[in-house]
$ cat protein_10.tsv   # TSV, C-alpha atoms
chain	number	residue	atom	x	y	z
A	1	MET	CA	0.00	0.00	0.00
A	2	LEU	CA	1.43	3.36	-1.09
A	3	SER	CA	0.31	6.87	-0.21
A	4	LEU	CA	1.54	10.45	-0.07
A	5	GLY	CA	3.58	10.49	-3.23
A	6	GLY	CA	4.22	6.76	-3.34
A	7	MET	CA	5.77	6.56	0.11
A	8	LYS	CA	4.99	3.45	2.13
A	9	PRO	CA	2.92	4.31	5.24
A	10	PRO	CA	4.80	4.13	8.54
A	11	LEU	CA	4.08	1.31	10.96
A	12	ILE	CA	3.00	3.66	13.77
A	13	SER	CA	1.10	6.94	13.65
A	14	ILE	CA	1.79	9.15	16.66
A	15	CYS	CA	-1.14	11.48	17.22
A	16	LEU	CA	-0.37	14.75	18.99
A	17	PRO	CA	-3.45	16.93	19.57
A	18	ASN	CA	-2.69	20.28	21.15
A	19	LEU	CA	-4.29	23.37	22.62
A	20	ASN	CA	-2.19	25.89	24.51
A	21	THR	CA	0.37	23.61	26.15
A	22	ARG	CA	3.46	25.50	24.97
A	23	PRO	CA	5.39	25.08	28.30
A	24	PHE	CA	5.40	21.28	27.83
A	25	LEU	CA	5.95	20.93	24.09
A	26	GLU	CA	9.72	20.96	24.08
A	27	GLU	CA	9.89	17.99	26.45
A	28	ARG	CA	7.04	16.26	24.61
A	29	MET	CA	8.80	16.53	21.25
A	30	GLU	CA	12.15	15.46	22.71
A	31	THR	CA	10.62	12.22	23.98
A	32	ILE	CA	9.02	11.51	20.60
A	33	LEU	CA	12.20	12.15	18.63
A	34	ALA	CA	14.15	9.96	21.08
A	35	GLN	CA	12.06	6.82	20.43
A	36	THR	CA	14.18	3.74	19.72
A	37	PHE	CA	11.54	2.57	17.25
A	38	THR	CA	11.78	4.95	14.29
A	39	ASP	CA	9.22	3.82	11.67
A	40	TRP	CA	6.62	6.41	12.64
A	41	GLU	CA	4.84	9.52	11.49
A	42	LEU	CA	3.79	12.35	13.77
A	43	ILE	CA	0.44	14.01	13.19
A	44	VAL	CA	0.08	17.33	15.01
A	45	CYS	CA	-3.42	18.81	15.17
A	46	ASP	CA	-3.29	22.19	16.89
A	47	SER	CA	-6.64	23.77	17.77
A	48	HIS	CA	-5.54	27.33	16.95
A	49	SER	CA	-3.45	27.77	20.10
A	50	ASP	CA	-2.72	31.37	21.09
A	51	ASP	CA	0.24	30.68	23.39
A	52	GLY	CA	2.94	30.18	20.76
A	53	SER	CA	2.38	26.44	20.32
A	54	TRP	CA	1.74	26.63	16.57
A	55	GLU	CA	4.83	28.76	16.10
A	56	PHE	CA	6.87	26.22	18.07
A	57	PHE	CA	5.77	23.38	15.80
A	58	GLN	CA	7.00	25.22	12.70
A	59	LYS	CA	10.59	24.22	13.48
A	60	PHE	CA	9.56	20.65	12.51
A	61	ALA	CA	7.80	21.65	9.28
A	62	ASP	CA	10.66	20.34	7.11
A	63	ASP	CA	10.80	16.94	8.82
A	64	PRO	CA	9.14	14.48	6.40
A	65	ARG	CA	7.89	12.41	9.33
A	66	VAL	CA	5.91	15.33	10.79
A	67	ARG	CA	2.56	16.56	9.46
A	68	LEU	CA	1.21	19.80	10.89
A	69	HIS	CA	-2.47	20.77	10.85
A	70	GLN	CA	-4.60	23.47	12.42
A	71	VAL	CA	-8.08	22.26	13.29
A	72	PRO	CA	-11.20	23.83	14.82
A	73	ARG	CA	-11.22	24.35	18.57
A	74	GLU	CA	-14.07	21.97	19.39
A	75	GLY	CA	-12.90	20.19	22.53
A	76	ILE	CA	-10.22	17.76	23.62
A	77	TYR	CA	-11.66	14.61	22.04
A	78	ALA	CA	-12.48	16.38	18.80
A	79	GLY	CA	-8.77	17.18	18.64
A	80	TRP	CA	-7.89	13.52	19.25
A	81	ASN	CA	-10.28	12.50	16.47
A	82	GLU	CA	-8.77	14.98	14.01
A	83	CYS	CA	-5.42	13.25	14.49
A	84	LEU	CA	-6.85	9.75	14.25
A	85	LYS	CA	-8.70	10.53	11.02
A	86	ARG	CA	-5.41	11.56	9.39
A	87	ALA	CA	-3.38	8.58	10.64
A	88	ARG	CA	-1.92	6.14	8.07
A	89	GLY	CA	-0.04	3.73	10.33
A	90	ARG	CA	-1.03	0.17	11.15
A	91	TYR	CA	-0.79	1.07	14.85
A	92	LEU	CA	-1.88	4.25	16.62
A	93	TYR	CA	-0.49	6.05	19.64
A	94	ILE	CA	-2.01	9.17	21.24
A	95	ALA	CA	0.74	11.43	22.57
A	96	THR	CA	-1.12	13.96	24.68
A	97	SER	CA	0.79	17.20	24.40
A	98	ASP	CA	1.68	17.76	28.05
A	99	ASP	CA	2.94	14.24	28.77
A	100	THR	CA	6.22	12.43	28.07
A	101	ALA	CA	7.52	8.93	27.35
A	102	LYS	CA	10.58	6.76	27.80
A	103	PRO	CA	12.59	6.13	24.60
A	104	GLN	CA	11.62	2.43	24.57
A	105	LEU	CA	7.87	3.02	24.78
A	106	LEU	CA	6.88	2.37	21.16
A	107	GLU	CA	9.33	-0.50	20.78
A	108	ARG	CA	8.09	-2.30	23.89
A	109	LEU	CA	4.39	-1.74	23.20
A	110	LEU	CA	4.75	-2.87	19.60
A	111	ALA	CA	6.41	-6.20	20.46
A	112	PRO	CA	3.29	-8.17	21.56
A	113	LEU	CA	1.15	-6.70	18.77
A	114	THR	CA	3.52	-7.83	16.02
A	115	ARG	CA	4.13	-11.18	17.69
A	116	ASP	CA	0.42	-12.02	17.89
A	117	PRO	CA	-1.82	-10.12	15.39
A	118	GLY	CA	-4.86	-11.31	17.32
A	119	ILE	CA	-3.90	-8.94	20.12
A	120	ARG	CA	-5.01	-5.46	19.14
A	121	VAL	CA	-4.22	-3.48	22.29
A	122	ALA	CA	-1.01	-3.17	24.30
A	123	VAL	CA	-0.77	-1.25	27.56
A	124	CYS	CA	2.22	-0.37	29.72
A	125	ASP	CA	2.55	0.95	33.24
A	126	TYR	CA	3.03	4.69	33.66
A	127	GLN	CA	4.46	7.29	36.00
A	128	VAL	CA	2.40	10.18	37.34
A	129	ILE	CA	4.30	13.48	37.15
A	130	ASP	CA	3.59	17.02	38.28
A	131	GLY	CA	3.79	20.26	36.33
A	132	GLY	CA	7.56	20.30	36.74
A	133	SER	CA	7.95	16.69	35.49
A	134	ARG	CA	8.73	15.46	39.00
A	135	PRO	CA	7.45	11.91	39.69
A	136	ILE	CA	4.63	11.46	42.16
A	137	GLU	CA	2.91	8.26	43.19
A	138	PRO	CA	-0.11	7.23	41.11
A	139	LEU	CA	-3.21	8.61	42.78
A	140	ALA	CA	-6.21	7.61	40.68
A	141	GLN	CA	-4.93	4.06	40.25
A	142	ASP	CA	-4.12	3.06	43.83
A	143	LYS	CA	-7.02	0.64	44.20
A	144	PRO	CA	-6.68	-1.19	40.88
A	145	ARG	CA	-2.94	-1.51	41.51
A	146	LEU	CA	-3.67	-3.11	44.86
A	147	PHE	CA	-6.13	-5.54	43.29
A	148	ILE	CA	-3.94	-6.47	40.31
A	149	GLY	CA	-1.04	-6.90	42.72
A	150	LYS	CA	1.97	-8.84	41.45
A	151	TRP	CA	0.60	-8.77	37.89
A	152	MET	CA	1.55	-5.10	37.72
A	153	LYS	CA	5.16	-6.33	37.69
A	154	GLN	CA	4.72	-9.25	35.29
A	155	PRO	CA	4.30	-9.20	31.48
A	156	CYS	CA	0.94	-10.81	30.92
A	157	LEU	CA	-2.08	-11.22	28.69
A	158	ARG	CA	-5.28	-9.97	30.31
A	159	PRO	CA	-8.49	-11.50	28.85
A	160	ARG	CA	-10.84	-8.95	27.33
A	161	LEU	CA	-13.88	-9.84	29.45
A	162	THR	CA	-11.88	-9.69	32.67
A	163	GLU	CA	-10.45	-6.35	31.62
A	164	PHE	CA	-13.97	-5.12	30.89
A	165	VAL	CA	-15.22	-6.18	34.31
A	166	LEU	CA	-12.29	-4.44	35.99
A	167	HIS	CA	-13.01	-1.25	34.04
A	168	CYS	CA	-16.58	-1.47	35.30
A	169	CYS	CA	-15.30	-1.66	38.85
A	170	PHE	CA	-12.40	0.79	38.86
A	171	GLY	CA	-12.90	2.98	35.83
A	172	THR	CA	-10.25	2.96	33.13
A	173	ILE	CA	-7.58	0.76	34.69
A	174	TRP	CA	-5.24	1.70	31.84
A	175	GLY	CA	-4.96	5.04	33.64
A	176	THR	CA	-3.95	7.15	30.66
A	177	MET	CA	-4.13	6.80	26.89
A	178	THR	CA	-0.42	7.66	26.78
A	179	ALA	CA	0.18	4.09	27.98
A	180	VAL	CA	-1.74	2.50	25.08
A	181	LEU	CA	-0.82	1.38	21.55
A	182	PHE	CA	-3.59	-0.12	19.42
A	183	GLN	CA	-4.27	-1.43	15.95
A	184	HIS	CA	-5.64	1.09	13.47
A	185	SER	CA	-8.26	-1.50	12.46
A	186	LEU	CA	-9.78	-1.16	15.92
A	187	LEU	CA	-11.28	2.19	14.91
A	188	LYS	CA	-13.48	0.50	12.30
A	189	GLN	CA	-15.03	-1.61	15.04
A	190	VAL	CA	-14.98	0.80	17.96
A	191	GLY	CA	-15.20	4.19	16.24
A	192	LEU	CA	-13.68	7.50	17.25
A	193	PHE	CA	-14.01	9.18	20.64
A	194	ARG	CA	-17.39	10.70	21.39
A	195	THR	CA	-17.36	14.45	21.70
A	196	ASP	CA	-20.50	14.75	23.84
A	197	ARG	CA	-19.18	13.03	26.97
A	198	GLY	CA	-17.14	15.88	28.44
A	199	SER	CA	-13.87	14.79	30.03
A	200	VAL	CA	-14.83	11.09	30.41
A	201	ALA	CA	-15.27	10.11	26.74
A	202	ASP	CA	-12.16	7.94	27.05
A	203	ILE	CA	-14.11	5.68	29.44
A	204	GLU	CA	-16.69	4.71	26.82
A	205	TRP	CA	-14.05	4.28	24.11
A	206	THR	CA	-11.94	2.12	26.41
A	207	LEU	CA	-14.89	-0.12	27.26
A	208	ARG	CA	-15.61	-0.69	23.58
A	209	ALA	CA	-11.96	-1.25	22.70
A	210	THR	CA	-11.57	-3.74	25.53
A	211	LEU	CA	-14.45	-5.85	24.24
A	212	ALA	CA	-12.64	-6.12	20.90
A	213	SER	CA	-9.35	-7.57	22.14
A	214	ASP	CA	-7.41	-9.20	24.92
A	215	VAL	CA	-4.82	-6.79	26.33
A	216	ALA	CA	-1.07	-7.27	26.40
A	217	PHE	CA	0.41	-5.67	29.51
A	218	ILE	CA	3.99	-4.39	29.75
A	219	PRO	CA	5.01	-3.78	33.38
A	220	GLU	CA	7.57	-1.00	32.79
A	221	ARG	CA	6.61	2.60	33.51
A	222	LEU	CA	7.24	3.80	29.97
A	223	ALA	CA	4.60	6.56	29.76
A	224	THR	CA	3.72	9.49	31.99
A	225	TRP	CA	0.51	11.17	33.03
A	226	ARG	CA	0.96	14.78	34.06
A	227	MET	CA	-1.36	16.00	36.79
A	228	ARG	CA	-1.92	19.75	36.83
A	229	PRO	CA	-4.81	21.89	38.13
A	230	ASP	CA	-6.11	22.98	34.71
A	231	GLN	CA	-5.95	19.53	33.12
A	232	ALA	CA	-8.94	18.87	30.85
A	233	THR	CA	-9.17	15.13	31.56
A	234	GLN	CA	-8.21	15.10	35.23
A	235	HIS	CA	-11.16	13.38	36.86
A	236	GLY	CA	-10.01	13.89	40.43
A	237	SER	CA	-12.90	14.12	42.87
A	238	LEU	CA	-15.85	13.34	40.63
A	239	SER	CA	-18.90	15.57	40.93
A	240	TRP	CA	-22.42	14.29	40.44
A	241	ARG	CA	-22.45	15.82	36.95
A	242	LEU	CA	-19.35	13.91	35.89
A	243	LEU	CA	-20.55	10.70	37.52
A	244	ARG	CA	-23.90	10.96	35.74
A	245	THR	CA	-22.02	11.20	32.44
A	246	THR	CA	-19.80	8.28	33.47
A	247	LEU	CA	-22.88	6.15	34.12
A	248	ALA	CA	-24.19	7.14	30.69
A	249	CYS	CA	-20.93	5.84	29.18
A	250	PHE	CA	-21.36	2.46	30.86
A	251	ASP	CA	-25.04	2.22	29.96
A	252	ALA	CA	-24.35	3.06	26.31
A	253	VAL	CA	-21.98	0.11	26.00
A	254	LEU	CA	-23.91	-2.35	28.15
A	255	HIS	CA	-27.11	-1.79	26.16
A	256	ASP	CA	-25.55	-1.61	22.72
A	257	PRO	CA	-26.80	-4.66	20.77
A	258	ASN	CA	-23.58	-4.61	18.74
A	259	ALA	CA	-21.29	-4.73	21.79
A	260	GLU	CA	-19.54	-8.08	22.06
A	261	LEU	CA	-20.91	-9.01	25.47
A	262	PRO	CA	-21.56	-12.69	26.28
A	263	ALA	CA	-25.20	-13.65	25.87
A	264	ASP	CA	-25.16	-15.65	29.12
A	265	TRP	CA	-24.36	-12.50	31.11
A	266	ARG	CA	-27.92	-11.38	30.52
A	267	SER	CA	-29.19	-14.41	32.41
A	268	ILE	CA	-27.63	-13.05	35.60
A	269	PRO	CA	-30.29	-11.16	37.60
A	270	HIS	CA	-29.83	-7.40	37.18
A	271	TRP	CA	-26.55	-8.05	35.34
A	272	ASP	CA	-26.18	-4.49	34.07
A	273	ARG	CA	-26.89	-2.97	37.48
A	274	GLU	CA	-24.37	-5.34	39.05
A	275	LEU	CA	-21.67	-4.07	36.69
A	276	THR	CA	-22.51	-0.42	37.41
A	277	LYS	CA	-23.47	-0.76	41.07
A	278	ILE	CA	-20.30	0.82	42.40
A	279	TRP	CA	-20.72	3.86	40.14
A	280	ARG	CA	-24.37	4.30	41.05
A	281	LEU	CA	-23.45	4.30	44.72
A	282	GLU	CA	-20.67	6.81	44.10
A	283	TYR	CA	-23.16	8.95	42.18
A	284	LEU	CA	-25.45	9.02	45.22
A	285	ASP	CA	-22.52	9.82	47.50
A	286	SER	CA	-21.45	12.69	45.23
A	287	PHE	CA	-24.46	14.77	46.31
A	288	HIS	CA	-22.86	14.98	49.78
A	289	LEU	CA	-26.18	15.01	51.60
A	290	ASP	CA	-24.70	14.48	55.05
A	291	ARG	CA	-24.11	16.48	58.22
A	292	ARG	CA	-20.35	16.70	57.73
A	293	ALA	CA	-20.81	18.45	54.40
A	294	ALA	CA	-23.35	20.77	56.03
A	295	ARG	CA	-20.87	21.75	58.75
A	296	GLU	CA	-17.95	22.29	56.39
A	297	ASN	CA	-19.80	24.40	53.83
A	298	PRO	CA	-23.42	25.28	54.64
A	299	THR	CA	-23.97	27.19	51.38
A	300	GLN	CA	-22.68	24.33	49.25
A	301	PHE	CA	-24.78	21.89	51.29
A	302	LEU	CA	-27.93	23.85	50.44
A	303	MET	CA	-26.97	23.71	46.78
A	304	ASN	CA	-26.42	19.95	47.15
A	305	CYS	CA	-29.90	19.63	48.67
A	306	TRP	CA	-31.42	21.50	45.75
A	307	ALA	CA	-29.57	19.31	43.24
A	308	GLY	CA	-30.63	16.16	45.11
A	309	LEU	CA	-34.25	17.30	45.29
A	310	ARG	CA	-34.33	17.90	41.53
A	311	LEU	CA	-32.38	14.88	40.35
A	312	LYS	CA	-32.69	12.24	43.09
A	313	PRO	CA	-35.71	13.15	45.25
A	314	ASP	CA	-35.84	9.63	46.71
A	315	LEU	CA	-32.27	10.07	47.93
A	316	PHE	CA	-32.97	13.53	49.34
A	317	PHE	CA	-36.04	12.47	51.34
A	318	SER	CA	-34.30	9.30	52.51
A	319	GLN	CA	-31.41	11.34	53.85
A	320	LEU	CA	-33.76	13.89	55.36
A	321	ALA	CA	-35.52	11.10	57.27
A	322	ARG	CA	-32.12	9.89	58.53
A	323	GLY	CA	-31.14	13.35	59.71
A	324	PHE	CA	-28.56	13.53	56.91
A	325	ALA	CA	-26.42	10.83	58.49
A	326	TRP	CA	-23.53	9.59	56.34
A	327	ARG	CA	-24.11	6.15	54.83
A	328	LYS	CA	-21.16	3.81	54.60
A	329	GLU	CA	-22.79	1.77	51.83
A	330	PHE	CA	-22.31	4.73	49.47
A	331	SER	CA	-18.54	4.15	49.58
A	332	PRO	CA	-18.07	0.42	48.97
A	333	ASP	CA	-14.78	-1.45	48.88
A	334	ARG	CA	-13.82	-1.47	45.18
A	335	ILE	CA	-11.16	-4.16	45.66
A	336	ALA	CA	-13.62	-6.57	47.26
A	337	ARG	CA	-16.19	-5.68	44.63
A	338	ALA	CA	-13.76	-6.52	41.81
A	339	GLN	CA	-13.42	-10.08	43.08
A	340	GLU	CA	-17.21	-10.34	43.49
A	341	LEU	CA	-17.71	-9.34	39.86
A	342	ILE	CA	-15.06	-11.77	38.63
A	343	ASP	CA	-16.84	-14.57	40.48
A	344	LEU	CA	-20.32	-13.47	39.45
A	345	PHE	CA	-19.53	-13.16	35.73
A	346	GLN	CA	-17.10	-16.11	35.78
A	347	VAL	CA	-14.32	-14.34	33.91
A	348	PRO	CA	-10.77	-15.72	34.09
A	349	TRP	CA	-8.40	-14.46	36.76
A	350	PRO	CA	-5.42	-14.21	37.19
A	351	PRO	CA	-3.98	-13.17	33.80
A	352	ARG	CA	-1.77	-15.40	31.69
A	353	GLU	CA	1.99	-15.02	31.99
A	354	ALA	CA	3.76	-13.81	28.86
A	355	ALA	CA	7.25	-12.95	27.68
A	356	TRP	CA	6.83	-9.84	25.60
$ encode --input "protein_10.tsv" --output "C-alpha cells"
Amino acid sequence: MLSLGGMKPPLISICLPNLNTRPFLEERMETILAQTFTDWELIVCDSHSDDGSWEFFQKFADDPRVRLHQVPREGIYAGWNECLKRARGRYLYIATSDDTAKPQLLERLLAPLTRDPGIRVAVCDYQVIDGGSRPIEPLAQDKPRLFIGKWMKQPCLRPRLTEFVLHCCFGTIWGTMTAVLFQHSLLKQVGLFRTDRGSVADIEWTLRATLASDVAFIPERLATWRMRPDQATQHGSLSWRLLRTTLACFDAVLHDPNAELPADWRSIPHWDRELTKIWRLEYLDSFHLDRRAARENPTQFLMNCWAGLRLKPDLFFSQLARGFAWRKEFSPDRIARAQELIDLFQVPWPPREAAW
C-alpha cells in the first residue's frame, strides 16, 4: 500500500493533539524524537493555540515524518479525532501534548502486537508526574494496583472480558491513553471518541476497545501522566455531573446490541446494574447530603440539597428522614467488589503469563 507520493505508510502513527500547552511541548517533542523505534509519522493537530504552540511546531515543518495541521477548537476529544482521522499507520499512539515517554515506549508496546496479530491493544505501566515533570505516586490508580497486585510487575495477557469487568469496577484501569498502543483496524469496530461526553469520553471508548481484544500488559513505567490543576481530563474528585455522564458511558456500551458481550451475562439477575453498582453508589454519594458536608460548607450543602431534590428526590427524602447521616454503603470497597464481579460473571483471573 502506497500513499503520499508513493511513500509506504509508517508502521506507527503518533497522534499529537494540542491546545495551549506550549510550556510542555519541548519535552514532549524530545521524547518523541528519542524513540528507539523509528518507523513512525507524527500528526500534530493544533486547535488554533494562542500561546505560541503553533509557532513552536514550525521548526519541525521540514521533517518528512511530521505533518502539521490546524483544526477547529471543538474540545479535547475532537482534537484527538482529528489526528486519528489523518493517521496512516497500522498502529496508533495518542501522545497527549503535556505528557512524556521513555525512549523504549513504542518498541516495547509494539512487540506483543507484532508477535500475535490477534492482540489489538497493548498497555504499559506509567508514571504520574507534576507540572515540573517530578514523579509522584499514582493517585487515581491506587485501588486497581492493589487488586492487580503482582501482575503489575509481570508481562501478561489480560483477557478482554476480565479487563472489561475491571473497568466497570475501577474505571479505566489503563490510567492514561499515553500508555496504550492499538491497531488502526480497531477504529473501524470501535469508532472515534465521542465528543458529547465531556472529560470522560475515554471511558466509553476504552470499554468498547476492551471488548474487541485481549490486552497485552507491559510492566515497565514507559509513559507518563501529568497532573496539573487545569488539566482537561483530570477526573479527580468526581462531581455528580461527571458521575452521571460516566454512568451514561457504561449504559451506552452495556445496552448496545452490537457490543460483544456474552449472551449468558444477561441471564444473571440485574446483570447491568451489578456491573454499574459501584458507580451508582458513588453517584449518590457525590451529592454529599450528610451532616459533615453541612458543617464544612453550609452554602454548598444547600446547593447539594437542591440538586438532590431535583435529580434524586428519593435520595434527598431518605437522607432527610435519617437526619442527613452519612451512609457507609455509598462508599463500597472497590477491591472486594472486583473479586465479586469476577466470580459473578465467571471471567478468568489471574492473567496469563507472557514474555513480551
$ residues_around --input "protein_10.tsv" --residues "A:Thr178" --least-positions-apart "2" --cutoff "8 Å" --atoms "all atoms listed in the file" --output "list in words"
Tyr93, Ile94, Ala95, Thr96, Asp99, Thr176, Val180, Ala223, Thr224 and Trp225 of chain A
$ write_last_selection --input "protein_10.tsv" --atoms "C-alpha atoms" --output "mmCIF file, keeping the file's coordinate frame"
data_model
loop_
_atom_site.group_PDB
_atom_site.id
_atom_site.type_symbol
_atom_site.label_atom_id
_atom_site.label_comp_id
_atom_site.auth_asym_id
_atom_site.auth_seq_id
_atom_site.Cartn_x
_atom_site.Cartn_y
_atom_site.Cartn_z
ATOM 1 C CA TYR A 93 -0.490 6.050 19.640
ATOM 2 C CA ILE A 94 -2.010 9.170 21.240
ATOM 3 C CA ALA A 95 0.740 11.430 22.570
ATOM 4 C CA THR A 96 -1.120 13.960 24.680
ATOM 5 C CA ASP A 99 2.940 14.240 28.770
ATOM 6 C CA THR A 176 -3.950 7.150 30.660
ATOM 7 C CA VAL A 180 -1.740 2.500 25.080
ATOM 8 C CA ALA A 223 4.600 6.560 29.760
ATOM 9 C CA THR A 224 3.720 9.490 31.990
ATOM 10 C CA TRP A 225 0.510 11.170 33.030
#
$ residues_near_point --input "protein_10.tsv" --point "(-15.7, 16.2, 20.4)" --cutoff "6 Å" --atoms "all atoms listed in the file" --output "number ranges by chain"
A: 75, 77-78, 194-195
$ closest_residue --input "protein_10.tsv" --among "A:Val128, A:Arg244, A:Ala355, A:Ala338" --to "A:Ala111" --atoms "all atoms listed in the file"
A:Ala355
$ atom_distance --input "protein_10.tsv" --atom1 "atom CA of A:Arg145" --atom2 "atom CA of A:Thr162"
15.0 Å
$ atom_distance --input "protein_10.tsv" --atom1 "atom CA of A:Thr21" --atom2 "atom CA of A:Gln104"
24.0 Å
$ closest_residue --input "protein_10.tsv" --among "A:Gly198, A:Pro72, A:Pro103, A:Pro298" --to "A:Thr38" --atoms "only C-alpha atoms"
A:Pro103
$ atom_distance --input "protein_10.tsv" --atom1 "atom CA of A:Asp196" --atom2 "atom CA of A:Arg310"
22.7 Å
$ closest_residue --input "protein_10.tsv" --among "A:Asp39, A:Glu282, A:Glu353, A:Glu82" --to "A:Phe170" --atoms "all atoms listed in the file"
A:Glu282
$ closest_residue --input "protein_10.tsv" --among "A:Leu315, A:Leu192, A:Lys8, A:Ser97" --to "A:Met29" --atoms "only C-alpha atoms"
A:Ser97
$ closest_residue --input "protein_10.tsv" --among "A:Val71, A:Ile335, A:Ile14, A:Leu254" --to "A:Arg266" --atoms "only C-alpha atoms"
A:Leu254
$ closest_residue --input "protein_10.tsv" --among "A:His167, A:Arg160, A:His48, A:Arg295" --to "A:Trp279" --atoms "all atoms listed in the file"
A:His167
$ residues_near_point --input "protein_10.tsv" --point "(-3.8, 2.0, 27.0)" --cutoff "10 Å" --atoms "only C-alpha atoms" --output "PDB file with C-alpha atoms, keeping the file's coordinate frame"
ATOM      1  CA  TYR A  93      -0.490   6.050  19.640  1.00  0.00           C
ATOM      2  CA  ILE A  94      -2.010   9.170  21.240  1.00  0.00           C
ATOM      3  CA  LEU A 109       4.390  -1.740  23.200  1.00  0.00           C
ATOM      4  CA  VAL A 121      -4.220  -3.480  22.290  1.00  0.00           C
ATOM      5  CA  ALA A 122      -1.010  -3.170  24.300  1.00  0.00           C
ATOM      6  CA  VAL A 123      -0.770  -1.250  27.560  1.00  0.00           C
ATOM      7  CA  CYS A 124       2.220  -0.370  29.720  1.00  0.00           C
ATOM      8  CA  ASP A 125       2.550   0.950  33.240  1.00  0.00           C
ATOM      9  CA  TYR A 126       3.030   4.690  33.660  1.00  0.00           C
ATOM     10  CA  THR A 172     -10.250   2.960  33.130  1.00  0.00           C
ATOM     11  CA  ILE A 173      -7.580   0.760  34.690  1.00  0.00           C
ATOM     12  CA  TRP A 174      -5.240   1.700  31.840  1.00  0.00           C
ATOM     13  CA  GLY A 175      -4.960   5.040  33.640  1.00  0.00           C
ATOM     14  CA  THR A 176      -3.950   7.150  30.660  1.00  0.00           C
ATOM     15  CA  MET A 177      -4.130   6.800  26.890  1.00  0.00           C
ATOM     16  CA  THR A 178      -0.420   7.660  26.780  1.00  0.00           C
ATOM     17  CA  ALA A 179       0.180   4.090  27.980  1.00  0.00           C
ATOM     18  CA  VAL A 180      -1.740   2.500  25.080  1.00  0.00           C
ATOM     19  CA  LEU A 181      -0.820   1.380  21.550  1.00  0.00           C
ATOM     20  CA  PHE A 182      -3.590  -0.120  19.420  1.00  0.00           C
ATOM     21  CA  THR A 206     -11.940   2.120  26.410  1.00  0.00           C
ATOM     22  CA  ALA A 209     -11.960  -1.250  22.700  1.00  0.00           C
ATOM     23  CA  THR A 210     -11.570  -3.740  25.530  1.00  0.00           C
ATOM     24  CA  VAL A 215      -4.820  -6.790  26.330  1.00  0.00           C
ATOM     25  CA  ALA A 216      -1.070  -7.270  26.400  1.00  0.00           C
ATOM     26  CA  PHE A 217       0.410  -5.670  29.510  1.00  0.00           C
ATOM     27  CA  ALA A 223       4.600   6.560  29.760  1.00  0.00           C
TER      28      ALA A 223
END
$ residues_around --input "protein_10.tsv" --residues "A:Arg158" --least-positions-apart "2" --cutoff "10 Å" --atoms "only C-alpha atoms" --output "list in words"
Trp151, Pro155, Cys156, Arg160, Leu161, Thr162, Glu163, Phe164, Ser213, Asp214, Val215, Ala216, Phe217, Pro348, Trp349, Pro350, Pro351, Arg352, Glu353 and Ala354 of chain A
$ residues_around --input "protein_10.tsv" --residues "A:Phe147" --least-positions-apart "2" --cutoff "9 Å" --atoms "only C-alpha atoms" --output "PyMOL selection string"
chain A and resi 142-145+149-150+334-336+338-339
$ write_last_selection --input "protein_10.tsv" --atoms "C-alpha atoms" --output "mmCIF file, keeping the file's coordinate frame"
data_model
loop_
_atom_site.group_PDB
_atom_site.id
_atom_site.type_symbol
_atom_site.label_atom_id
_atom_site.label_comp_id
_atom_site.auth_asym_id
_atom_site.auth_seq_id
_atom_site.Cartn_x
_atom_site.Cartn_y
_atom_site.Cartn_z
ATOM 1 C CA ASP A 142 -4.120 3.060 43.830
ATOM 2 C CA LYS A 143 -7.020 0.640 44.200
ATOM 3 C CA PRO A 144 -6.680 -1.190 40.880
ATOM 4 C CA ARG A 145 -2.940 -1.510 41.510
ATOM 5 C CA GLY A 149 -1.040 -6.900 42.720
ATOM 6 C CA LYS A 150 1.970 -8.840 41.450
ATOM 7 C CA ARG A 334 -13.820 -1.470 45.180
ATOM 8 C CA ILE A 335 -11.160 -4.160 45.660
ATOM 9 C CA ALA A 336 -13.620 -6.570 47.260
ATOM 10 C CA ALA A 338 -13.760 -6.520 41.810
ATOM 11 C CA GLN A 339 -13.420 -10.080 43.080
#
$ residues_around --input "protein_10.tsv" --residues "A:Asp285" --least-positions-apart "6" --cutoff "10 Å" --atoms "only C-alpha atoms" --output "PyMOL selection string"
chain A and resi 239-240+279+315+326-331
$ residues_around --input "protein_10.tsv" --residues "A:Tyr283" --least-positions-apart "4" --cutoff "12 Å" --atoms "all atoms listed in the file" --output "list in words"
Ser237, Leu238, Ser239, Trp240, Arg241, Leu242, Leu243, Arg244, Thr245, Thr246, Leu247, Ala248, Thr276, Lys277, Ile278, Trp279, Phe287, His288, Leu289, Gly308, Leu311, Lys312, Leu315, Phe330 and Ser331 of chain A
